[in-house]
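Novice: My questions all concern the structure below.
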Amino acid sequence: MTDWTTKTPEAAQTYLAEHRLDEVECIISDLPGIARGKAVPAGKFDKQDYFHLPDSIFYQTITGDWGDAAGDEGFIERDMILRPDYATATAAPWTGDWTLQVIHDAYDRKGRPIPYAPRNVLKRVVDLYQQQGWKPVVAPEMEFYLVARNLDPAKQIEPMMGRSGRPAAARQAYSMSAVDEFGPVIDDIYDFAEAMGLEIDGITQEGGAGQLEINLQHGDPVKLADEVFYFKRLIREAALRHNCFATFMAKPIADEPGSAMHIHHSVIDLEDGTNLFSGPQGGETDAFFHFIAGLQNHLPSAIAILAPYVNSYRRYVRDHAAPINLAWGRDNRTTGIRVPLSGPQSRRVENRLAGMDCNPYLGIAASLACGYLGLMEEKRAGPSFKGDAYEGDEDIPRVMGEALDLFEEATKLHEILHPDFVRVYSIVKRTEYEEFLQVISPWEREHLLLNV
């Protein structure tokens with residue numbers, strides 16, 4: 001029998017105290033970040049050390065079609081071996097019975113990590129830091145919308161109805177009254193998070209109608225990616241309880257701000273525990289400027305991961321709380337790379353380009369990979385930007401096809417993330433992009449049908 005009292009975190013033990021475990025959800029993230037896996041009776045889970053899923057789950061597009069990513073051997077759907085990471089065991093508190101969910105890692109039959117499994121991609125990047133004697137630390141911010149139920153894709157997405165009986169209002173950033181409008185949903189988010197042992201640093205109203213932000217405590221990149229993966233699921237479940245949808249689309253409503261997953265980074269020296277970005281007297285180090293230069297030089301090639309869908313590029317709009325270039329600035333939210341106000345020990349660099357629609361494992365991995373390349377290349381960032389960066393030139397891809405072109409040419413990034421991952425990801429995303437190009441939009445029918 002599985003000894004949950006020694007193998008699992010305290011939150012899982014508390015959840016099961018005096019209750020009989022009914023079911024275990026064995027899950028893994030696919031490329032979009034959807035939880036794939038199997039739900040098994042607790043008794044069966046006790047008797048298994050692993051289970052199988054076909055590697056084709058990583059070849060599937062967001063529409064459910066398949067990219068031709070199987071390689072030279074063809075589409076034989078080889079079984080992967082999925083082993084549980086008991087440190088991730090946590091409640092699934094929205095279920096009707098007593099259920100735990102456990103994230104698994106994917107290996108081939110020789111025990112080697114599957115290179116295109118998103119959690120393995122992130123682990124690979126973290127390991128490269130550790131080989132240099134460094135420990136990367138991240139803190140993600142999650143923006144999302146609570147919207148009215150949308151059962152017809154042809155209809156525009158609308159803000160949800162608040163407890164006042166009025167639709168959520170826009171331009172209410174940091175309003176406590178606006179947060180109170182969603183009180184029942186937020187209460188369930190807090191309750192689910194507590195049952196799962198997830199710590200919320202804060203919830204705020206953002207600038208969009210029905211747009212919220214959840215901040216997480218800084219920590220280990222893999223652990224934080226696990227938490228974002230879990231949070232997306234629990235937030236959706238909390239919304240459904242109250243007859244609304246939670247969406248993590250980068251740009252769900254045309255005239256509202258997009259939703260980002262801002263990623264804060266710092267790097268710790270494993271030998272003495274100091275922040276690599278701060279010197280003995282508290283000043284900014286060469287490594288600080290090298291890391292920023294790595295983001296500036298390599299993020300354009302990683303945008304295809306940070307902005308993984310055609311909708312993602314609708315977020316990069318001037319004066320709409322999303323960056324349009326890779327300028328860096330101190331305490332400047334108009335820049336793509338921001339250095340927040342902080343003391344020397346907490347000095348960090350914020351990447352503001354990632355959309356909330358990206359896979360958290362892949363988004364964090366890509367961002368850390370760019371910073372790692374900067375640390376290794378030792379190129380120095382230029383002067384910080386003063387003023388409104390929206391007045392500057394655009395220097396990031398604006399369409400999916402251009403982003404994929406840059407991604408496929410970035411050989412240095414390929415070696416960091418793993419060439420097999422790059423191959424599979426590129427094929428899947430090209431397939432999605434081609435599917436999108438087959439769709440005729442309402443704009444085209446309205447303005448071109450009779451006018452051209």
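Residue numbering restarts at 1 for every chain of the structure tokens, chains are lettered A, B, ... in their displayed order, and ligands are numbered from 1 as they appear.
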Could you pull out all residues of region 311-416 of chain A with a DSSP call of helix (DSSP H, G or I) and give them as a ChimeraX atom specification?
Specialist: /A:311-314,344-346,360-377,389-391,400-409,411-416
Novice: Quick one: everything within 10 Å of Tyr50 (chain A), counting only C-alpha atoms, minus sequence neighbours fewer than 2 positions away in the same chain. Send it as an MDAnalysis selection string.
Specialist: chainID A and resid 26 45 47:48 52 80:84 104:106
Novice: Do you know which residues are at most 6 Å from region 386-402 of chain A counting only C-alpha atoms, after dropping those on the same chain fewer than 2 positions away, and could you put them as a list in words?
Specialist: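 Using only C-alpha atoms, the neighbours found are Pro300, Val310, Tyr313, Arg318, Ile324, Asn325, Thr334, Thr335, Leu404 and Asp405 of chain A.
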Novice: Enumerate as a PyMOL selection string all residues of region 221-312 of chain A assigned to strand (DSSP E or B) by DSSP on the backbone, naming them with the chain letters and numbers the document uses.
Specialist: chain A and resi 244-247+260+263-269+275+278+284
Novice: Quick one: write out the picked residues with N, CA and C atoms as a CSV table (one decimal), in the first residue's frame?
Specialist:
```
chain,number,residue,atom,x,y,z
A,244,CYS,N,-19.9,30.5,-14.7
A,244,CYS,CA,-19.1,31.4,-15.6
A,244,CYS,C,-17.8,30.6,-16.1
A,245,PHE,N,-17.1,31.1,-17.0
A,245,PHE,CA,-15.9,30.5,-17.5
A,245,PHE,C,-14.6,31.3,-17.0
A,246,ALA,N,-13.6,30.6,-16.7
A,246,ALA,CA,-12.3,31.2,-16.6
A,246,ALA,C,-11.5,31.0,-17.8
A,247,THR,N,-10.9,32.0,-18.4
A,247,THR,CA,-10.1,31.8,-19.6
A,247,THR,C,-8.7,32.4,-19.5
A,260,ALA,N,-1.3,38.1,-19.3
A,260,ALA,CA,0.2,37.8,-19.3
A,260,ALA,C,0.5,36.8,-18.2
A,263,ILE,N,7.1,36.7,-15.7
A,263,ILE,CA,8.0,35.8,-15.0
A,263,ILE,C,9.2,36.6,-14.4
A,264,HIS,N,9.3,36.5,-13.1
A,264,HIS,CA,10.4,37.2,-12.4
A,264,HIS,C,11.5,36.2,-12.2
A,265,HIS,N,12.8,36.6,-12.5
A,265,HIS,CA,13.9,35.6,-12.4
A,265,HIS,C,15.0,36.2,-11.4
A,266,SER,N,15.6,35.4,-10.7
A,266,SER,CA,16.9,35.7,-10.0
A,266,SER,C,17.7,34.4,-10.1
A,267,VAL,N,19.0,34.5,-9.8
A,267,VAL,CA,19.8,33.3,-9.8
A,267,VAL,C,20.7,33.4,-8.5
A,268,ILE,N,20.7,32.2,-7.8
A,268,ILE,CA,21.4,32.1,-6.5
A,268,ILE,C,22.7,31.3,-6.8
A,269,ASP,N,23.8,31.8,-6.2
A,269,ASP,CA,25.0,31.1,-6.2
A,269,ASP,C,24.9,30.0,-5.1
A,275,ASN,N,22.7,36.3,-4.2
A,275,ASN,CA,22.1,36.6,-5.4
A,275,ASN,C,23.1,37.0,-6.5
A,278,SER,N,23.6,40.7,-7.6
A,278,SER,CA,24.0,41.7,-6.6
A,278,SER,C,25.4,41.5,-6.1
A,284,GLU,N,24.7,46.3,-8.8
A,284,GLU,CA,24.3,45.4,-9.9
A,284,GLU,C,25.6,44.8,-10.5
```
Novice: For Ala287 (chain A), which residue out of A:Ile62, A:Leu128, A:Leu373, A:Ala117 is the nearest one, using only C-alpha atoms?
Specialist: A:Leu373
Novice: Figure out the distance between CA of Ala42 (chain A) and CA of Glu23 (chain A), please, to one decimal in Å.
Specialist: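 According to the coordinates, CA of Glu23 (chain A) and CA of Ala42 (chain A) are separated by 4.6 Å.
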Novice: Using only C-alpha atoms, pick whichever of A:Lys429, A:Ile200, A:Ala327, A:Met161 has the shortest atom-to-atom distance to Leu299 (chain A).
Specialist: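 The closest residue to Leu299 (chain A) is A:Ala327.
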Novice: What lies within 12 Å of Arg149 (chain A) using only C-alpha atoms, ignoring chain neighbours under 6 positions off, as an MDAnalysis selection string?
Specialist: chainID A and resid 155:161 236 239:247
Novice: Which of these residues is nearest to Tyr425 (chain A), using only C-alpha atoms: A:Thr63, A:Gln13, A:Gln131, A:Asn359?
Specialist: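 Of A:Thr63, A:Gln13, A:Gln131, A:Asn359, the one nearest Tyr425 (chain A) is A:Asn359, counting only C-alpha atoms.
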